[in-house]
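Okay, entry.pdb is below, PDB, C-alpha atoms:
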```pdb
ATOM      1  CA  MET A   1      -5.367  -9.489  17.986
ATOM      2  CA  LEU A   2      -2.618  -7.588  19.772
ATOM      3  CA  LEU A   3       0.729  -9.240  20.184
ATOM      4  CA  ASP A   4       1.857 -10.095  23.741
ATOM      5  CA  TRP A   5       1.897  -6.974  25.940
ATOM      6  CA  ARG A   6       3.480  -8.342  29.114
ATOM      7  CA  VAL A   7       7.126  -7.514  28.316
ATOM      8  CA  ARG A   8       8.996  -4.839  26.386
ATOM      9  CA  ARG A   9       9.713  -6.190  22.920
ATOM     10  CA  LEU A  10      10.843  -4.187  19.900
ATOM     11  CA  ILE A  11      10.710  -4.955  16.194
ATOM     12  CA  ILE A  12      13.024  -2.665  14.201
ATOM     13  CA  ASN A  13      11.724  -2.496  10.650
ATOM     14  CA  ALA A  14      13.569  -0.857   7.757
ATOM     15  CA  ASP A  15      11.146   0.437   5.141
ATOM     16  CA  ASP A  16      11.807   0.872   1.403
ATOM     17  CA  PHE A  17      13.716  -2.364   0.696
ATOM     18  CA  GLY A  18      13.911  -2.463  -3.110
ATOM     19  CA  PHE A  19      13.890   1.327  -3.527
ATOM     20  CA  THR A  20      17.523   1.645  -4.694
ATOM     21  CA  ALA A  21      20.598  -0.576  -4.546
ATOM     22  CA  GLY A  22      22.110   1.755  -1.937
ATOM     23  CA  VAL A  23      19.045   1.484   0.273
ATOM     24  CA  ASN A  24      19.138  -2.295  -0.101
ATOM     25  CA  ARG A  25      22.797  -2.484   0.869
ATOM     26  CA  ALA A  26      22.244  -0.272   3.915
ATOM     27  CA  ILE A  27      19.299  -2.358   5.126
ATOM     28  CA  ILE A  28      21.312  -5.576   4.907
ATOM     29  CA  GLU A  29      24.218  -3.913   6.724
ATOM     30  CA  ALA A  30      21.886  -2.559   9.419
ATOM     31  CA  HIS A  31      20.628  -6.113   9.902
ATOM     32  CA  LEU A  32      23.938  -7.988   9.806
ATOM     33  CA  ARG A  33      25.988  -5.391  11.715
ATOM     34  CA  GLY A  34      23.234  -3.612  13.611
ATOM     35  CA  ILE A  35      19.792  -3.891  15.134
ATOM     36  CA  VAL A  36      17.376  -4.068  12.175
ATOM     37  CA  THR A  37      15.325  -7.254  12.532
ATOM     38  CA  SER A  38      12.713  -6.826   9.795
ATOM     39  CA  SER A  39      12.197  -4.988   6.535
ATOM     40  CA  THR A  40       9.408  -4.340   4.058
ATOM     41  CA  LEU A  41      10.016  -4.788   0.349
ATOM     42  CA  MET A  42       8.507  -2.632  -2.426
ATOM     43  CA  ALA A  43       7.137  -4.870  -5.191
ATOM     44  CA  THR A  44       7.710  -2.242  -7.875
ATOM     45  CA  GLY A  45      10.867  -0.689  -6.472
ATOM     46  CA  ARG A  46      13.541  -0.003  -9.060
ATOM     47  CA  ALA A  47      15.936  -2.316  -7.169
ATOM     48  CA  PHE A  48      13.440  -5.112  -6.430
ATOM     49  CA  ASN A  49      15.507  -7.893  -8.006
ATOM     50  CA  ASP A  50      18.626  -6.709  -6.197
ATOM     51  CA  ALA A  51      16.745  -6.803  -2.879
ATOM     52  CA  VAL A  52      15.488 -10.330  -3.517
ATOM     53  CA  GLY A  53      19.042 -11.453  -4.233
ATOM     54  CA  LEU A  54      20.461  -9.756  -1.131
ATOM     55  CA  SER A  55      17.736 -11.239   1.065
ATOM     56  CA  LYS A  56      19.323 -14.655   0.518
ATOM     57  CA  THR A  57      22.430 -13.434   2.362
ATOM     58  CA  ALA A  58      20.315 -12.577   5.428
ATOM     59  CA  PRO A  59      18.059 -15.557   6.210
ATOM     60  CA  ARG A  60      17.190 -14.238   9.689
ATOM     61  CA  LEU A  61      15.814 -10.960   8.296
ATOM     62  CA  SER A  62      12.019 -11.035   8.469
ATOM     63  CA  ILE A  63      10.671  -9.568   5.216
ATOM     64  CA  GLY A  64       7.214  -8.111   4.683
ATOM     65  CA  CYS A  65       5.505  -6.303   1.826
ATOM     66  CA  HIS A  66       5.658  -2.497   1.728
ATOM     67  CA  VAL A  67       2.372  -2.031  -0.123
ATOM     68  CA  VAL A  68       2.603   1.050  -2.339
ATOM     69  CA  LEU A  69      -0.672   2.804  -3.220
ATOM     70  CA  ILE A  70       0.729   6.314  -3.506
ATOM     71  CA  ASP A  71       3.881   7.802  -5.008
ATOM     72  CA  GLY A  72       4.876   4.792  -7.089
ATOM     73  CA  GLU A  73       3.837   2.388  -9.818
ATOM     74  CA  PRO A  74       1.254  -0.408  -9.622
ATOM     75  CA  VAL A  75       1.771  -4.086 -10.382
ATOM     76  CA  ILE A  76      -1.646  -4.310 -12.036
ATOM     77  CA  ASP A  77      -2.293  -2.434 -15.287
ATOM     78  CA  ALA A  78      -3.111   1.147 -14.281
ATOM     79  CA  ALA A  79      -6.154   1.089 -16.575
ATOM     80  CA  GLN A  80      -7.748  -1.371 -14.128
ATOM     81  CA  LEU A  81      -7.213   1.011 -11.188
ATOM     82  CA  PRO A  82      -9.105   4.194 -12.123
ATOM     83  CA  THR A  83      -9.557   5.410  -8.515
ATOM     84  CA  LEU A  84      -5.915   4.752  -7.612
ATOM     85  CA  ALA A  85      -3.737   5.447 -10.632
ATOM     86  CA  SER A  86      -3.484   7.464 -13.817
ATOM     87  CA  SER A  87      -3.777   5.390 -16.969
ATOM     88  CA  ARG A  88      -2.208   8.019 -19.216
ATOM     89  CA  PRO A  89       0.565   6.383 -21.285
ATOM     90  CA  ASP A  90       3.072   8.944 -19.979
ATOM     91  CA  ALA A  91       2.046   8.626 -16.310
ATOM     92  CA  ARG A  92       0.927   5.115 -15.368
ATOM     93  CA  ARG A  93       1.440   5.645 -11.667
ATOM     94  CA  PHE A  94      -0.278   6.414  -8.400
ATOM     95  CA  SER A  95      -0.899   9.944  -7.202
ATOM     96  CA  ASP A  96       2.045  11.615  -5.471
ATOM     97  CA  ASN A  97      -0.214  13.842  -3.372
ATOM     98  CA  LEU A  98      -0.887  12.467   0.114
ATOM     99  CA  LYS A  99      -3.501  15.106   0.952
ATOM    100  CA  SER A 100      -5.471  14.277  -2.189
ATOM    101  CA  PHE A 101      -5.228  10.548  -1.413
ATOM    102  CA  ALA A 102      -6.408  11.140   2.162
ATOM    103  CA  ALA A 103      -9.375  13.199   0.948
ATOM    104  CA  ARG A 104     -10.443  10.417  -1.422
ATOM    105  CA  ALA A 105      -9.981   7.785   1.287
ATOM    106  CA  LEU A 106     -12.091   9.719   3.782
ATOM    107  CA  THR A 107     -14.884  10.588   1.348
ATOM    108  CA  GLY A 108     -15.475   7.158  -0.184
ATOM    109  CA  ARG A 109     -13.794   7.831  -3.520
ATOM    110  CA  LEU A 110     -11.382   4.897  -3.416
ATOM    111  CA  SER A 111     -12.453   1.499  -4.743
ATOM    112  CA  ALA A 112     -11.995  -1.199  -2.097
ATOM    113  CA  GLU A 113     -11.829  -3.798  -4.863
ATOM    114  CA  GLU A 114      -8.949  -1.956  -6.528
ATOM    115  CA  VAL A 115      -7.042  -1.569  -3.254
ATOM    116  CA  GLU A 116      -7.482  -5.259  -2.444
ATOM    117  CA  ALA A 117      -6.491  -6.437  -5.917
ATOM    118  CA  GLU A 118      -3.372  -4.280  -6.103
ATOM    119  CA  SER A 119      -2.308  -5.116  -2.546
ATOM    120  CA  ALA A 120      -2.680  -8.836  -3.244
ATOM    121  CA  ALA A 121      -0.753  -8.492  -6.501
ATOM    122  CA  GLN A 122       2.153  -6.830  -4.702
ATOM    123  CA  ILE A 123       2.249  -9.452  -1.946
ATOM    124  CA  ARG A 124       2.095 -12.290  -4.475
ATOM    125  CA  LYS A 125       4.931 -10.769  -6.507
ATOM    126  CA  LEU A 126       7.158 -11.103  -3.446
ATOM    127  CA  GLN A 127       5.979 -14.636  -2.773
ATOM    128  CA  THR A 128       6.564 -15.638  -6.393
ATOM    129  CA  ALA A 129      10.131 -14.338  -6.035
ATOM    130  CA  GLY A 130      10.670 -16.727  -3.133
ATOM    131  CA  ILE A 131      10.087 -14.296  -0.255
ATOM    132  CA  SER A 132       8.238 -15.696   2.768
ATOM    133  CA  VAL A 133       6.157 -12.598   3.517
ATOM    134  CA  SER A 134       5.866 -12.195   7.287
ATOM    135  CA  HIS A 135       3.835  -8.972   7.474
ATOM    136  CA  VAL A 136       2.528  -5.990   5.572
ATOM    137  CA  ASP A 137       2.613  -2.239   5.942
ATOM    138  CA  THR A 138       1.932   0.605   3.510
ATOM    139  CA  HIS A 139       3.997   3.381   2.009
ATOM    140  CA  LYS A 140       3.322   6.587   3.951
ATOM    141  CA  HIS A 141       1.112   4.570   6.355
ATOM    142  CA  VAL A 142      -2.025   5.012   4.222
ATOM    143  CA  HIS A 143      -3.601   1.916   5.792
ATOM    144  CA  LEU A 144      -4.444   4.044   8.818
ATOM    145  CA  PHE A 145      -7.472   5.118   6.755
ATOM    146  CA  PRO A 146     -10.327   2.599   7.181
ATOM    147  CA  ALA A 147     -11.110   2.618   3.454
ATOM    148  CA  VAL A 148      -7.588   1.314   2.793
ATOM    149  CA  LEU A 149      -7.151  -0.862   5.872
ATOM    150  CA  ARG A 150     -10.040  -3.232   5.232
ATOM    151  CA  PRO A 151      -9.065  -4.266   1.687
ATOM    152  CA  VAL A 152      -5.360  -4.475   2.604
ATOM    153  CA  LEU A 153      -6.259  -6.840   5.446
ATOM    154  CA  ARG A 154      -8.376  -8.968   3.123
ATOM    155  CA  ALA A 155      -5.521  -9.141   0.621
ATOM    156  CA  ALA A 156      -3.019 -10.095   3.312
ATOM    157  CA  ARG A 157      -5.259 -12.811   4.696
ATOM    158  CA  ALA A 158      -5.924 -14.223   1.208
ATOM    159  CA  CYS A 159      -2.172 -14.438   0.659
ATOM    160  CA  GLY A 160      -1.560 -16.170   3.991
ATOM    161  CA  VAL A 161       0.053 -13.153   5.669
ATOM    162  CA  ARG A 162      -0.800 -12.916   9.346
ATOM    163  CA  ALA A 163       0.468  -9.552  10.628
ATOM    164  CA  ILE A 164       0.184  -5.871   9.805
ATOM    165  CA  ARG A 165       1.851  -2.723  11.102
ATOM    166  CA  ASN A 166      -0.051  -0.717  13.689
ATOM    167  CA  PRO A 167       0.691   2.843  12.472
ATOM    168  CA  PHE A 168      -0.413   4.514  15.710
ATOM    169  CA  GLY A 169       2.156   5.358  18.356
ATOM    170  CA  PRO A 170       2.003   5.757  22.125
ATOM    171  CA  ARG A 171       0.385   8.892  23.498
ATOM    172  CA  LYS A 172       3.817  10.229  24.464
ATOM    173  CA  PRO A 173       6.296   9.152  21.751
ATOM    174  CA  LEU A 174       8.933  11.458  23.230
ATOM    175  CA  LYS A 175       9.484  13.276  26.474
ATOM    176  CA  SER A 176       8.251  16.878  26.464
ATOM    177  CA  SER A 177      11.817  18.067  26.986
ATOM    178  CA  GLN A 178      12.887  16.462  23.699
ATOM    179  CA  LEU A 179       9.997  18.061  21.802
ATOM    180  CA  LEU A 180      10.794  21.456  23.265
ATOM    181  CA  ARG A 181      14.388  21.163  22.053
ATOM    182  CA  ARG A 182      13.279  20.198  18.523
ATOM    183  CA  PRO A 183      10.757  22.673  17.071
ATOM    184  CA  ASN A 184      11.120  20.926  13.704
ATOM    185  CA  LEU A 185       9.266  17.941  15.189
ATOM    186  CA  TRP A 186       6.220  19.906  16.348
ATOM    187  CA  THR A 187       4.294  19.872  13.058
ATOM    188  CA  ARG A 188       4.813  16.148  12.541
ATOM    189  CA  TYR A 189       3.862  15.442  16.146
ATOM    190  CA  ALA A 190       0.654  17.493  15.775
ATOM    191  CA  GLU A 191      -0.298  15.675  12.561
ATOM    192  CA  VAL A 192       0.153  12.273  14.197
ATOM    193  CA  ARG A 193      -1.885  13.341  17.225
ATOM    194  CA  VAL A 194      -4.808  14.427  15.012
ATOM    195  CA  LEU A 195      -4.922  10.999  13.356
ATOM    196  CA  ARG A 196      -5.072   9.128  16.674
ATOM    197  CA  ASN A 197      -8.880   9.242  16.566
ATOM    198  CA  LEU A 198      -8.666   6.466  13.951
ATOM    199  CA  ALA A 199      -6.743   4.136  16.283
ATOM    200  CA  ARG A 200      -9.708   2.412  17.964
ATOM    201  CA  ARG A 201     -11.310   1.627  14.623
ATOM    202  CA  PHE A 202      -7.984   0.234  13.414
ATOM    203  CA  HIS A 203      -7.770  -2.221  16.320
ATOM    204  CA  GLU A 204     -11.392  -3.302  15.893
ATOM    205  CA  THR A 205     -10.935  -3.940  12.175
ATOM    206  CA  VAL A 206      -7.693  -5.902  12.569
ATOM    207  CA  GLU A 207      -9.268  -7.998  15.334
ATOM    208  CA  ARG A 208     -12.332  -8.718  13.200
ATOM    209  CA  GLU A 209     -10.192  -9.825  10.243
ATOM    210  CA  GLY A 210      -8.129 -12.113  12.486
ATOM    211  CA  LEU A 211      -4.667 -10.653  11.893
ATOM    212  CA  GLN A 212      -2.010  -9.785  14.445
ATOM    213  CA  THR A 213      -0.517  -6.357  15.053
ATOM    214  CA  PRO A 214       1.954  -4.799  17.479
ATOM    215  CA  ASP A 215       0.832  -2.374  20.169
ATOM    216  CA  GLY A 216       1.967   0.508  17.995
ATOM    217  CA  THR A 217       4.766   2.159  16.074
ATOM    218  CA  LEU A 218       7.639   4.342  17.212
ATOM    219  CA  GLY A 219       9.809   6.603  15.097
ATOM    220  CA  ILE A 220       7.189   8.101  12.789
ATOM    221  CA  GLU A 221       7.527  11.544  14.360
ATOM    222  CA  VAL A 222      11.315  11.539  13.910
ATOM    223  CA  THR A 223      11.437  10.270  10.312
ATOM    224  CA  GLY A 224      14.147  12.279   8.580
ATOM    225  CA  THR A 225      15.595  13.604  11.853
ATOM    226  CA  LEU A 226      16.618  10.478  13.769
ATOM    227  CA  ASP A 227      20.012  10.720  15.425
ATOM    228  CA  GLU A 228      21.709   9.019  18.370
ATOM    229  CA  THR A 229      20.170  11.441  20.886
ATOM    230  CA  LEU A 230      16.633  10.774  19.669
ATOM    231  CA  PHE A 231      17.264   7.034  19.508
ATOM    232  CA  ARG A 232      18.332   7.027  23.151
ATOM    233  CA  ALA A 233      15.338   9.194  24.077
ATOM    234  CA  ILE A 234      12.892   6.818  22.378
ATOM    235  CA  ALA A 235      14.517   3.791  24.037
ATOM    236  CA  GLU A 236      13.824   5.388  27.423
ATOM    237  CA  ILE A 237      10.062   5.677  26.934
ATOM    238  CA  ILE A 238       9.091   2.430  25.162
ATOM    239  CA  PRO A 239       6.044   1.095  27.037
ATOM    240  CA  GLU A 240       5.361  -2.514  27.930
ATOM    241  CA  GLY A 241       4.199  -4.626  25.025
ATOM    242  CA  THR A 242       5.387  -5.353  21.503
ATOM    243  CA  TRP A 243       6.274  -2.231  19.533
ATOM    244  CA  GLU A 244       7.678  -1.538  16.089
ATOM    245  CA  PHE A 245      10.363   1.047  15.404
ATOM    246  CA  VAL A 246      10.251   2.361  11.827
ATOM    247  CA  CYS A 247      13.502   3.379  10.163
ATOM    248  CA  HIS A 248      14.861   4.278   6.734
ATOM    249  CA  PRO A 249      18.574   3.489   6.390
ATOM    250  CA  GLY A 250      20.272   4.019   3.048
ATOM    251  CA  TYR A 251      23.212   5.406   1.121
ATOM    252  CA  ASN A 252      22.793   8.820  -0.466
ATOM    253  CA  ASP A 253      24.322   7.729  -3.772
ATOM    254  CA  ASP A 254      23.519   8.834  -7.322
ATOM    255  CA  ASP A 255      20.550   6.448  -7.536
ATOM    256  CA  LEU A 256      18.957   7.956  -4.444
ATOM    257  CA  LYS A 257      19.692  11.497  -5.590
ATOM    258  CA  SER A 258      17.755  10.827  -8.784
ATOM    259  CA  ALA A 259      14.814   9.191  -6.975
ATOM    260  CA  LYS A 260      11.677  10.913  -5.737
ATOM    261  CA  THR A 261      12.091  11.069  -1.954
ATOM    262  CA  ARG A 262      12.605  13.654   0.765
ATOM    263  CA  LEU A 263      14.826  11.264   2.726
ATOM    264  CA  ARG A 264      18.405  11.529   1.462
ATOM    265  CA  GLU A 265      21.236  12.472   3.856
ATOM    266  CA  SER A 266      19.047  11.338   6.765
ATOM    267  CA  ARG A 267      19.236   7.734   5.548
ATOM    268  CA  GLU A 268      22.988   7.626   6.103
ATOM    269  CA  THR A 269      22.548   9.156   9.558
ATOM    270  CA  GLU A 270      19.999   6.468  10.405
ATOM    271  CA  LEU A 271      22.376   3.763   9.190
ATOM    272  CA  ARG A 272      25.032   5.062  11.593
ATOM    273  CA  VAL A 273      22.530   5.033  14.471
ATOM    274  CA  LEU A 274      21.310   1.530  13.680
ATOM    275  CA  THR A 275      24.870   0.157  13.596
ATOM    276  CA  LEU A 276      26.142   1.884  16.735
ATOM    277  CA  PRO A 277      28.436  -0.508  18.654
ATOM    278  CA  ASP A 278      26.330  -0.039  21.785
ATOM    279  CA  ALA A 279      22.873   0.073  20.119
ATOM    280  CA  ARG A 280      21.876  -3.330  21.511
ATOM    281  CA  SER A 281      23.120  -2.493  24.981
ATOM    282  CA  ILE A 282      21.139   0.775  24.935
ATOM    283  CA  LEU A 283      17.959  -1.242  24.398
ATOM    284  CA  ALA A 284      18.954  -3.965  26.855
ATOM    285  CA  ALA A 285      19.600  -1.358  29.545
ATOM    286  CA  HIS A 286      15.904  -0.461  29.362
ATOM    287  CA  GLY A 287      14.745  -4.076  29.466
ATOM    288  CA  ILE A 288      13.867  -4.231  25.772
ATOM    289  CA  ASP A 289      14.057  -7.533  23.884
ATOM    290  CA  LEU A 290      14.870  -7.166  20.201
ATOM    291  CA  ILE A 291      12.719  -9.423  17.979
ATOM    292  CA  SER A 292      11.538  -9.707  14.380
ATOM    293  CA  TYR A 293       8.017  -9.890  13.007
ATOM    294  CA  ARG A 294       8.574 -13.557  12.295
ATOM    295  CA  GLU A 295       9.510 -14.211  15.936
ATOM    296  CA  ALA A 296       6.594 -12.145  17.219
ATOM    297  CA  ILE A 297       4.086 -14.116  15.172
ATOM    298  CA  ARG A 298       5.648 -17.449  16.130
ATOM    299  CA  SER A 299       5.417 -16.629  19.835
ATOM    300  CA  GLU A 300       1.659 -16.048  19.537
ATOM    301  CA  THR A 301       0.854 -19.421  17.962
TER     302      THR A 301
END
```
Serialized structure, structure tokens:
Amino acid sequence: MLLDWRVRRLIINADDFGFTAGVNRAIIEAHLRGIVTSSTLMATGRAFNDAVGLSKTAPRLSIGCHVVLIDGEPVIDAAQLPTLASSRPDARRFSDNLKSFAARALTGRLSAEEVEAESAAQIRKLQTAGISVSHVDTHKHVHLFPAVLRPVLRAARACGVRAIRNPFGPRKPLKSSQLLRRPNLWTRYAEVRVLRNLARRFHETVEREGLQTPDGTLGIEVTGTLDETLFRAIAEIIPEGTWEFVCHPGYNDDDLKSAKTRLRESRETELRVLTLPDARSILAAHGIDLISYREAIRSET
């Protein structure tokens, strides 16, 4: 079911909690000093234990599970996940290639049982660590593929999790004038537009499984390029309803420099945007209420 659409409400979710200690620190700062209301934690992130410890200093931060099925390591023994991970002793990890993953998802070459088992294992690892998991999403938004969505939903429901990210954005995520000024956004915008044909099936599947989801996600097109100008531009066009803004704050320290990610300097820029002194007033000026996933779910019960 969709969350309440009658007002403008915004969940600001920081992905990659648990990735590095610097990312963890930035997320907590963006929550305590800024506008981040929710975050999603990576069960096999190198700084998982650090994130769990820091979460205790931020009891109002709503924490979900950032299910990783690509570009990372599984919780379950890789030998039990032949369609998802390599079981070679020197490479017990998921594929790093998104195009290859998408091709397998769209041609029926992913095991639903493996996806469900690994997703449930990741969620339960968080719960065992004392995290009250409020929602789920997936690394690189792979749950937009139906072959991934259905088993992830089943895993979430089995673990008592009631909400999932809607990875599809509004038809106009930015004004045309902003896109024209930023040619570097055109490719990403075109890719997101192509995938919109999966949106109706997404809503039908989530509804059938009985979970809740926002009206959509903002910020995907500007991942890696978000600055104050783009933040203000997005705030101007948020439609009525409950929306999620995806962000990736972090510190570009030695740990991040040694990690596999394309988001480095941009994480520090995002942290500055998310902790702007007038960030809340920018949203308020457009009639936007800032909420967390936990608050969104509570309001629907």
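Surrounding residues of (15.4, -6.6, 16.6) at most 10 Å away are Arg9, Leu10, Ile11, Ile12, Asn13, His31, Gly34, Ile35, Val36, Thr37, Ser38, Leu61, Ser62, Glu244, Phe245, Arg280, Leu283, Ile288, Asp289, Leu290, Ile291, Ser292, Tyr293 and Glu295 of chain A (based on all atoms listed in the file).
Between Thr269 of chain A and the candidates A:Arg60, A:Arg200, A:Arg109, A:His248, the tightest atom-to-atom separation, counting all atoms listed in the file, involves A:His248.
Against the coordinates shown, the PyMOL selection byres ((chain A and resi 68) around 7) returns A:Met42, A:His66, A:Val67, A:Leu69, A:Ile70, A:Gly72, A:Thr138, A:His139.
In this structure, atom CA of Phe19 of chain A sits 4.7 Å away from atom CA of Gly45 of chain A.
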Using all atoms listed in the file for the distances, tell me which of A:Leu218, A:Ala156, A:Ile238, A:Leu263 is nearest to Gln122 of chain A.
A:Ala156
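Note that the spacing between atom CA of Val133 of chain A and atom CA of Phe145 of chain A amounts to 22.6 Å.
Comparing the minimum interatomic distances between Pro214 of chain A and each of A:Glu118, A:Glu240, A:Asp227, A:Asp253, counting only C-alpha atoms, we find that A:Glu240 sits nearest.
Ranking A:Glu265, A:Glu236, A:Asp71, A:Glu116 by their shortest atom-to-atom distance to Gly224 of chain A, with all atoms listed in the file included, puts A:Glu265 first.
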Just checking: using all atoms listed in the file, which residue out of A:Asn252, A:Thr128, A:Ser119, A:Ser39 ends up closest to His143 of chain A?
A:Ser119
At a cut-off of 12 Å, using only C-alpha atoms, what residues contact Gly210 of chain A? Leave out same-chain residues fewer than 6 positions from it and give the result as a PyMOL selection string.
chain A and resi 1-2+150+153-154+156-158+160-164+203-204
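One finds atom CA of Cys65 of chain A at 23.4 Å from atom CA of Leu226 of chain A.
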Hits from the PyMOL selection byres ((chain A and resi 131) around 12), listed as JSON, numbers by chain
{"A": [39, 40, 41, 42, 43, 48, 49, 51, 52, 53, 54, 55, 56, 58, 59, 61, 62, 63, 64, 65, 122, 123, 124, 125, 126, 127, 128, 129, 130, 132, 133, 134, 135, 161]}
Using only C-alpha atoms, please write the residues we just selected to a file, as a PDB file, keeping the file's coordinate frame.
```
ATOM      1  CA  SER A  39      12.197  -4.988   6.535  1.00  0.00           C
ATOM      2  CA  THR A  40       9.408  -4.340   4.058  1.00  0.00           C
ATOM      3  CA  LEU A  41      10.016  -4.788   0.349  1.00  0.00           C
ATOM      4  CA  MET A  42       8.507  -2.632  -2.426  1.00  0.00           C
ATOM      5  CA  ALA A  43       7.137  -4.870  -5.191  1.00  0.00           C
ATOM      6  CA  PHE A  48      13.440  -5.112  -6.430  1.00  0.00           C
ATOM      7  CA  ASN A  49      15.507  -7.893  -8.006  1.00  0.00           C
ATOM      8  CA  ALA A  51      16.745  -6.803  -2.879  1.00  0.00           C
ATOM      9  CA  VAL A  52      15.488 -10.330  -3.517  1.00  0.00           C
ATOM     10  CA  GLY A  53      19.042 -11.453  -4.233  1.00  0.00           C
ATOM     11  CA  LEU A  54      20.461  -9.756  -1.131  1.00  0.00           C
ATOM     12  CA  SER A  55      17.736 -11.239   1.065  1.00  0.00           C
ATOM     13  CA  LYS A  56      19.323 -14.655   0.518  1.00  0.00           C
ATOM     14  CA  ALA A  58      20.315 -12.577   5.428  1.00  0.00           C
ATOM     15  CA  PRO A  59      18.059 -15.557   6.210  1.00  0.00           C
ATOM     16  CA  LEU A  61      15.814 -10.960   8.296  1.00  0.00           C
ATOM     17  CA  SER A  62      12.019 -11.035   8.469  1.00  0.00           C
ATOM     18  CA  ILE A  63      10.671  -9.568   5.216  1.00  0.00           C
ATOM     19  CA  GLY A  64       7.214  -8.111   4.683  1.00  0.00           C
ATOM     20  CA  CYS A  65       5.505  -6.303   1.826  1.00  0.00           C
ATOM     21  CA  GLN A 122       2.153  -6.830  -4.702  1.00  0.00           C
ATOM     22  CA  ILE A 123       2.249  -9.452  -1.946  1.00  0.00           C
ATOM     23  CA  ARG A 124       2.095 -12.290  -4.475  1.00  0.00           C
ATOM     24  CA  LYS A 125       4.931 -10.769  -6.507  1.00  0.00           C
ATOM     25  CA  LEU A 126       7.158 -11.103  -3.446  1.00  0.00           C
ATOM     26  CA  GLN A 127       5.979 -14.636  -2.773  1.00  0.00           C
ATOM     27  CA  THR A 128       6.564 -15.638  -6.393  1.00  0.00           C
ATOM     28  CA  ALA A 129      10.131 -14.338  -6.035  1.00  0.00           C
ATOM     29  CA  GLY A 130      10.670 -16.727  -3.133  1.00  0.00           C
ATOM     30  CA  SER A 132       8.238 -15.696   2.768  1.00  0.00           C
ATOM     31  CA  VAL A 133       6.157 -12.598   3.517  1.00  0.00           C
ATOM     32  CA  SER A 134       5.866 -12.195   7.287  1.00  0.00           C
ATOM     33  CA  HIS A 135       3.835  -8.972   7.474  1.00  0.00           C
ATOM     34  CA  VAL A 161       0.053 -13.153   5.669  1.00  0.00           C
TER      35      VAL A 161
END
```
Counting all atoms listed in the file, which of A:His286, A:Arg298, A:Lys257, A:Arg264 gets nearest to Ile237 of chain A?
A:His286
What's around Asn97 of chain A at 12 Å? Count all atoms listed in the file, leave out sequence neighbours fewer than 3 positions away in its own chain, and write the answer as number ranges by chain.
A: 69-72, 84-85, 93-94, 100-104, 140, 142
Find the axis-aligned box for segment 69-87 of chain A, covering all its listed atoms and adding 5 Å on each side, and write its centre and edge lengths in Å to one decimal as lines of an AutoDock Vina configuration file.
```
center_x = -2.3
center_y = 1.7
center_z = -10.1
size_x = 24.4
size_y = 22.1
size_z = 23.7
```
Name the residues that the PyMOL selection byres ((chain A and resi 82) around 12) picks from the file above, as a PyMOL selection string, using the file's chain letters and numbers.
chain A and resi 74+76-81+83-88+92-95+109-115+118
Report as a tab-separated table the residues of segment 7-60 of chain A within 12 Å of segment 258-261 of chain A, each with its shortest atom pair and distance in Å (one decimal), using only C-alpha atoms, ordered by chain and increasing residue number.
```
residue	atom	partner	partner_atom	distance
A:Asp16	CA	A:Thr261	CA	10.7
A:Phe19	CA	A:Ala259	CA	8.6
A:Thr20	CA	A:Ala259	CA	8.3
A:Ala21	CA	A:Ala259	CA	11.6
A:Gly22	CA	A:Ala259	CA	11.6
A:Val23	CA	A:Ala259	CA	11.4
A:Gly45	CA	A:Ala259	CA	10.7
A:Arg46	CA	A:Ala259	CA	9.5
A:Ala47	CA	A:Ala259	CA	11.6
```
Taking only N, CA and C atoms, show segment 245-254 of chain A of the given structure as a PDB file, in the first residue's frame.
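Everything below was put into decode.pdb:
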```pdb
ATOM      1  N   PHE A 245      14.122  10.828  -0.133  1.00  0.00           N
ATOM      2  CA  PHE A 245      15.290  11.433  -0.774  1.00  0.00           C
ATOM      3  C   PHE A 245      16.504  10.591  -0.401  1.00  0.00           C
ATOM      4  N   VAL A 246      17.201  10.068  -1.402  1.00  0.00           N
ATOM      5  CA  VAL A 246      18.343   9.186  -1.182  1.00  0.00           C
ATOM      6  C   VAL A 246      19.635  10.002  -1.182  1.00  0.00           C
ATOM      7  N   CYS A 247      20.468   9.780  -0.185  1.00  0.00           N
ATOM      8  CA  CYS A 247      21.731  10.515  -0.119  1.00  0.00           C
ATOM      9  C   CYS A 247      22.856   9.605   0.358  1.00  0.00           C
ATOM     10  N   HIS A 248      24.094  10.097   0.182  1.00  0.00           N
ATOM     11  CA  HIS A 248      25.272   9.294   0.506  1.00  0.00           C
ATOM     12  C   HIS A 248      26.341  10.170   1.168  1.00  0.00           C
ATOM     13  N   PRO A 249      26.089  10.660   2.378  1.00  0.00           N
ATOM     14  CA  PRO A 249      27.124  11.449   3.047  1.00  0.00           C
ATOM     15  C   PRO A 249      28.284  10.576   3.507  1.00  0.00           C
ATOM     16  N   GLY A 250      29.448  11.185   3.657  1.00  0.00           N
ATOM     17  CA  GLY A 250      30.609  10.441   4.131  1.00  0.00           C
ATOM     18  C   GLY A 250      31.834  11.317   4.186  1.00  0.00           C
ATOM     19  N   TYR A 251      32.896  10.783   4.765  1.00  0.00           N
ATOM     20  CA  TYR A 251      34.189  11.455   4.787  1.00  0.00           C
ATOM     21  C   TYR A 251      35.133  10.701   3.854  1.00  0.00           C
ATOM     22  N   ASN A 252      35.802  11.441   2.992  1.00  0.00           N
ATOM     23  CA  ASN A 252      36.705  10.832   2.024  1.00  0.00           C
ATOM     24  C   ASN A 252      38.067  10.583   2.679  1.00  0.00           C
ATOM     25  N   ASP A 253      38.073   9.681   3.657  1.00  0.00           N
ATOM     26  CA  ASP A 253      39.296   9.372   4.393  1.00  0.00           C
ATOM     27  C   ASP A 253      40.020   8.194   3.757  1.00  0.00           C
ATOM     28  N   ASP A 254      41.063   7.710   4.397  1.00  0.00           N
ATOM     29  CA  ASP A 254      41.859   6.620   3.821  1.00  0.00           C
ATOM     30  C   ASP A 254      41.032   5.349   3.634  1.00  0.00           C
TER      31      ASP A 254
END
```
